[in-house]
Amino acid sequence: MLMDELTNSTSDLAARVTTAAEKVGLQASNKELAELQSQMAKPDLWQDSANAQAVSKRVADLERKTKPLNELQKEVADLQELAEMGDESMNTEITQQLKALELKFDSIQDASLFSGPFDDHDVILSVYAGAGGTDAQDWAQMLLRMYQRYAESHKLKVKTLEISQGEEAGIKSATLEISGSDNLYGQLSGEHGVHRLVRLSPFNADHKRQTSFAKVDVLPKIDQPSEVQIDDKDLKVDVFRSGGAGGQSVNTTDSAVRVTHVPTGITVAIQNERSQQQNKETALAVLRSKLAALKLEQHASSLQDLKGPNQSAEWGNQIRSYVLHPYKQVKDTRTGYESSEVEKVLEGEFEPLIDAWTKTTH
C-alpha cells in the first residue's frame, strides 16, 4: 500500500514540475541556449566583440535560469521510475528522496513566479521629485538612497546613468542601472509608481507637517536592440553641452545627448558618459526600456500602437505611503501590507513589501 502511495506522490510531483516548466517556457529557453552555445563554438564569434559579449551574457543567464529545473525534471523522472519498480525494500529511500525533491521544487517554484517576458532582465530605475518643492527633492534623494542601500545589501551592481541635483537640497531626478541577480526586474517592478512621504519638514521655519511625492520608474534593461526595434525615422536626436560635475572634457564639449521617440513623445537625456557616442548608446538603451515597459502596460502589439505615457494621470495615485509623523507607518495601498518599521524600509530593507507584491500579482 505504501508503495502505491509513493508512486502516486512521485507522479503528482512530476506533473507539477512539468506544469512549472511549461509556465516558464523551459523548452523554448533550452532551444535558445543550444542555439547560442552553437554560436559560441564558432571560431569567428569574437571578431565582433560586442556581439560575442552579448551572446556570452545571454548564455550565462539562460544556463542559470534553466539548470535547476532541468536537473529537477531528471531527478524526478529517475525517482518515478524507481517507485514504479514496486520494490518495498526501497520505501524508506524513496520517501527521503521524495521529500528532498519536493523541497527543491518549492524553492524553484518561488523563482518560477517571475515568468513575465522581461522578469529576468536587469533594471533601469529612475526617481523623480514631484509635488512638494524642496521637501519633494529631498524625498527623491531619500528614495534613491533606499534603492542604493538595497542593492548594496544584496551585492548588486549599481551604475548612475543620470542625476540632476536640486537647487537647495536633494535631487530633481536620477537614473540607476542595477544588475547582478536573477529575476531582478520581476522583483523590483512593484516599486514602479508614486511614493508619498508625510513628515515634519526640515525645510520650513515652522517645522510643520509636509506631504511630499516622488515618482519611481522601474524598467527592464533591454540589452539586445532586437528585443525592441526602433525605426530611426521615429527618433529625434539633439546634442548639447553637459552641465554639472564630470570633468573638463565633459563640460566643454557638446557631449550630452537627448533622444526623443517622436510617436510617443518619450524623451531620454544622458550626459554622464565621456563621449557623445556613449551618451547616445546609453540614451537609446534607456529609451528601448521605456518603450518595452510601455508596450507591456498598454498591451500593444507593436510600437506603432503605443500612446504617449500619461504622467499626470499616474501622479496622484500613490502606491505606497511612508509616514514619519504623527506616527510611524509604511503602507502599500495595493497589497494592504503595512509596517511600523519605516526607518528599516528607508535603509533598504523592504523585502516584505516585494514579497507581498509578488504574491498579489502572480
# chains A, B, ... in the order shown; residues from 1 in each chain; ligands from 1

call {"tool": "select_by_dssp", "arguments": {"residues": "segment 203-265 of chain A", "states": "alpha helix (DSSP H)", "output": "ChimeraX atom specification"}}
result
/A:248-251

call {"tool": "residues_around", "arguments": {"residues": "segment 139-155 of chain A", "least_positions_apart": "3", "cutoff": "8 Å", "atoms": "only C-alpha atoms", "output": "compact mmCIF listing (two decimals) with C-alpha atoms, in the first residue's frame"}}
result
# COMPACT_ATOMS: atom_id res chain seq x y z
CA VAL A 127 13.45 58.60 -9.30
CA TYR A 128 11.73 61.95 -9.96
CA ALA A 129 10.81 64.61 -7.42
CA ASP A 135 10.85 68.59 0.51
CA ALA A 136 9.99 66.52 -2.56
CA VAL A 158 24.77 49.91 -9.46
CA GLY A 170 18.01 66.64 -2.70
CA ILE A 171 17.63 65.76 -6.37
CA LYS A 172 15.25 66.60 -9.17
CA SER A 173 15.84 63.23 -10.83
CA ALA A 174 18.28 60.33 -11.04
CA ILE A 178 21.01 47.82 -11.38
CA GLY A 180 23.67 41.16 -10.68
CA LEU A 197 6.05 60.84 2.38
CA SER A 212 5.78 65.14 -0.49
CA PHE A 213 5.64 62.97 -3.59
CA ALA A 214 8.24 61.28 -5.76
CA LYS A 215 7.76 59.01 -8.75
CA VAL A 345 12.47 50.22 4.91
CA LEU A 346 14.21 53.50 4.14
CA GLU A 347 17.53 51.75 4.84
CA GLY A 348 16.76 49.35 2.00
CA GLU A 349 15.12 46.54 3.98
CA PHE A 350 11.88 46.32 2.01

call {"tool": "atom_distance", "arguments": {"atom1": "atom CA of Ala292 of chain A", "atom2": "atom CA of Gln137 of chain A"}}
result
27.7 Å

call {"tool": "closest_residue", "arguments": {"among": "A:Glu338, A:Leu324, A:Leu291, A:Leu6", "to": "Ala83 of chain A", "atoms": "only C-alpha atoms"}}
result
A:Leu6

call {"tool": "residues_around", "arguments": {"residues": "Ala283 of chain A", "least_positions_apart": "4", "cutoff": "7 Å", "atoms": "only C-alpha atoms", "output": "list in words"}}
result
Val259, Val268, Ala269, Ile270, Asn279 and Leu287 of chain A

call {"tool": "select_by_dssp", "arguments": {"residues": "segment 47-273 of chain A", "states": "strand (DSSP E)", "output": "MDAnalysis selection string"}}
result
chainID A and resid 123:129 157:165 171:179 193:200 209:220 235:240 256:261 266:270

call {"tool": "atom_distance", "arguments": {"atom1": "atom CA of Ala356 of chain A", "atom2": "atom CA of Thr335 of chain A"}}
result
6.4 Å

call {"tool": "closest_residue", "arguments": {"among": "A:Asp223, A:Glu102, A:Asp110, A:Asp78", "to": "Val286 of chain A", "atoms": "only C-alpha atoms"}}
result
A:Asp223

call {"tool": "closest_residue", "arguments": {"among": "A:Glu162, A:Glu281, A:Asp120, A:Asp332", "to": "Val194 of chain A", "atoms": "only C-alpha atoms"}}
result
A:Asp332
